[in-house]
Each structure stands twice: as structure tokens, then as C-alpha cells.
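> Contents of work.pdb (PDB, C-alpha atoms and all ligand atoms) are below:
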```pdb
ATOM      1  CA  MET A   3     -60.924 -63.261  30.619
ATOM      2  CA  ARG A   4     -61.159 -62.268  27.038
ATOM      3  CA  ARG A   5     -59.469 -64.296  24.436
ATOM      4  CA  ARG A   6     -58.539 -62.114  21.569
ATOM      5  CA  PRO A   7     -55.542 -62.399  19.399
ATOM      6  CA  ARG A   8     -52.826 -60.081  20.470
ATOM      7  CA  THR A   9     -50.412 -58.643  18.087
ATOM      8  CA  GLY A  10     -48.135 -58.372  21.096
ATOM      9  CA  ARG A  11     -44.607 -58.918  20.152
ATOM     10  CA  SER A  12     -42.663 -61.356  18.136
ATOM     11  CA  VAL A  13     -39.321 -62.899  18.725
ATOM     12  CA  LEU A  14     -36.749 -64.358  16.432
ATOM     13  CA  VAL A  15     -35.884 -67.949  17.096
ATOM     14  CA  CYS A  16     -33.197 -70.190  15.763
ATOM     15  CA  PRO A  17     -34.389 -72.534  13.006
ATOM     16  CA  GLN A  18     -31.918 -75.103  14.207
ATOM     17  CA  CYS A  19     -32.427 -75.320  17.951
ATOM     18  CA  GLY A  20     -35.439 -73.092  18.555
ATOM     19  CA  SER A  21     -33.656 -70.776  20.947
ATOM     20  CA  ALA A  22     -34.557 -67.121  21.116
ATOM     21  CA  LYS A  23     -30.996 -66.170  21.833
ATOM     22  CA  ILE A  24     -30.624 -64.671  18.416
ATOM     23  CA  VAL A  25     -28.460 -61.702  17.723
ATOM     24  CA  GLN A  26     -28.094 -59.870  14.473
ATOM     25  CA  VAL A  27     -24.587 -59.550  13.247
ATOM     26  CA  ALA A  28     -23.430 -56.964  10.787
ATOM     27  CA  GLY A  29     -25.644 -56.874   7.772
ATOM     28  CA  MET A  30     -23.869 -57.425   4.551
ATOM     29  CA  ILE A  31     -24.762 -56.813   0.962
ATOM     30  CA  THR A  32     -26.929 -59.887   1.011
ATOM     31  CA  GLY A  33     -28.861 -58.630   4.007
ATOM     32  CA  ALA A  34     -29.013 -59.351   7.694
ATOM     33  CA  VAL A  35     -27.174 -62.276   9.158
ATOM     34  CA  TYR A  36     -28.172 -63.755  12.470
ATOM     35  CA  HIS A  37     -26.211 -65.664  15.028
ATOM     36  CA  CYS A  38     -27.624 -68.079  17.558
ATOM     37  CA  LEU A  39     -25.823 -67.927  20.875
ATOM     38  CA  ALA A  40     -27.205 -71.273  21.922
ATOM     39  CA  CYS A  41     -26.055 -73.549  19.122
ATOM     40  CA  ASP A  42     -23.761 -71.282  17.162
ATOM     41  CA  TYR A  43     -26.000 -71.332  14.117
ATOM     42  CA  GLN A  44     -25.290 -68.476  11.786
ATOM     43  CA  GLY A  45     -27.239 -67.509   8.723
ATOM     44  CA  ALA A  46     -29.840 -65.289   7.177
ATOM     45  CA  LEU A  47     -32.720 -67.601   7.963
ATOM     46  CA  VAL A  48     -34.458 -67.235  11.296
ATOM     47  CA  LEU A  49     -37.954 -67.998  12.442
ATOM     48  CA  GLU A  50     -40.196 -65.262  13.722
ATOM     49  CA  ILE A  51     -42.855 -66.306  16.179
ATOM     50  CA  ASP A  52     -45.472 -64.379  18.056
ATOM     51  CA  VAL A  53     -45.526 -64.591  21.815
ATOM     52  CA  PRO A  54     -48.331 -63.385  24.086
ATOM     53  CA  GLU A  55     -47.440 -60.490  26.298
ATOM     54  CA  ASP A  56     -48.050 -62.564  29.367
ATOM     55  CA  GLY A  57     -46.233 -65.570  28.032
ATOM     56  CA  ASP A  58     -42.689 -66.632  28.266
ATOM     57  CA  PRO A  59     -40.508 -66.571  25.220
ATOM     58  CA  PRO A  60     -38.688 -69.753  24.406
ATOM     59  CA  ALA A  61     -35.520 -70.218  26.372
TER      60      ALA A  61
HETATM   61 ZN    ZN B   1     -29.630 -72.257  17.689
END
```
Could you render the structure from this file as C-alpha cells?


Amino acid sequence: MRRRPRTGRSVLVCPQCGSAKIVQVAGMITGAVYHCLACDYQGALVLEIDVPEDGDPPA
């Protein structure tokens, strides 16, 4: 089994609770705004993390 870094895919996660249940709400003049369905966080700041293709994204 080779171990090489995969560019795979990345997911957006909530900076507050770490959930990947992030949706982008209407972008405004200031840019995109995101909404976390898990903790109701809303803001422009989200974390982007890489996940392996065979891995599970955070809940
Ligand atoms: Zn959250």
C-alpha cells in the first residue's frame, strides 16, 4: 500500500464546532458568508481541511 499524499478533496469545516455541515449563504459585497448547520455559526471564516478519498469527513 503506497503512502503518497493525495490532493483528494477538501472540505469546509466550522471553526467553532468543527462540523462539516457548512453551507454557503448568499455572497455579499464583502464576500462569501458561511453558515454552520450544526451550531448555527455564521460568518466569513471557515476552515478548509483535506480529507483522504478513503477517509470519512468529520461529522
Ligand atoms: Zn459549527

> With only C-alpha atoms and all ligand atoms counted and 6 Å as the cut-off, give the residues of chain A in contact with ligand ZN 1 (chain B), each with its shortest interatomic distance in Å and the pair that gives it, as CSV.


```
residue,atom,partner,partner_atom,distance
A:Cys16,CA,B:ZN1,ZN,4.6
A:Gln18,CA,B:ZN1,ZN,5.0
A:Cys19,CA,B:ZN1,ZN,4.2
A:Gly20,CA,B:ZN1,ZN,5.9
A:Ser21,CA,B:ZN1,ZN,5.4
A:Cys38,CA,B:ZN1,ZN,4.6
A:Ala40,CA,B:ZN1,ZN,5.0
A:Cys41,CA,B:ZN1,ZN,4.1
A:Asp42,CA,B:ZN1,ZN,6.0
A:Tyr43,CA,B:ZN1,ZN,5.2
```

> Padding 4 Å on every side, please: axis-aligned box over the listed atoms of range 45-53 of chain A, centre and edge lengths to one decimal in Å, as lines of an AutoDock Vina configuration file.


```
center_x = -36.4
center_y = -66.2
center_z = 14.5
size_x = 26.3
size_y = 11.6
size_z = 22.6
```

> CA of Leu14 in chain A to CA of Gly45 in chain A: how many Å, to one decimal?

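Pair CA of Leu14 in chain A / CA of Gly45 in chain A returns 12.6 Å.
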
> Quick one: residues within 10 Å of Val15 in chain A, all atoms listed in the file counted, chain neighbours fewer than 4 positions away excluded, as JSON, numbers by chain?

{"A": [19, 20, 21, 22, 23, 24, 25, 36, 38, 47, 48, 49, 50, 51, 59, 60, 61]}

> Since we have the selection now, will you write its residues out, keeping C-alpha atoms, as a PDB file, in the coordinates of the input?


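What follows is the written file again.pdb:
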```
ATOM      1  CA  CYS A  19     -32.427 -75.320  17.951  1.00  0.00           C
ATOM      2  CA  GLY A  20     -35.439 -73.092  18.555  1.00  0.00           C
ATOM      3  CA  SER A  21     -33.656 -70.776  20.947  1.00  0.00           C
ATOM      4  CA  ALA A  22     -34.557 -67.121  21.116  1.00  0.00           C
ATOM      5  CA  LYS A  23     -30.996 -66.170  21.833  1.00  0.00           C
ATOM      6  CA  ILE A  24     -30.624 -64.671  18.416  1.00  0.00           C
ATOM      7  CA  VAL A  25     -28.460 -61.702  17.723  1.00  0.00           C
ATOM      8  CA  TYR A  36     -28.172 -63.755  12.470  1.00  0.00           C
ATOM      9  CA  CYS A  38     -27.624 -68.079  17.558  1.00  0.00           C
ATOM     10  CA  LEU A  47     -32.720 -67.601   7.963  1.00  0.00           C
ATOM     11  CA  VAL A  48     -34.458 -67.235  11.296  1.00  0.00           C
ATOM     12  CA  LEU A  49     -37.954 -67.998  12.442  1.00  0.00           C
ATOM     13  CA  GLU A  50     -40.196 -65.262  13.722  1.00  0.00           C
ATOM     14  CA  ILE A  51     -42.855 -66.306  16.179  1.00  0.00           C
ATOM     15  CA  PRO A  59     -40.508 -66.571  25.220  1.00  0.00           C
ATOM     16  CA  PRO A  60     -38.688 -69.753  24.406  1.00  0.00           C
ATOM     17  CA  ALA A  61     -35.520 -70.218  26.372  1.00  0.00           C
TER      18      ALA A  61
END
```

> May I ask for the distance between CA of Pro54 in chain A and CA of Val13 in chain A, given in Å to one decimal place?

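So the two atoms, CA of Pro54 in chain A and CA of Val13 in chain A, lie 10.5 Å apart.
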
> Quick check, in Å to one decimal: how far apart do CA of Ala46 in chain A and CA of Arg11 in chain A lie?

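So the answer is 20.7 Å.
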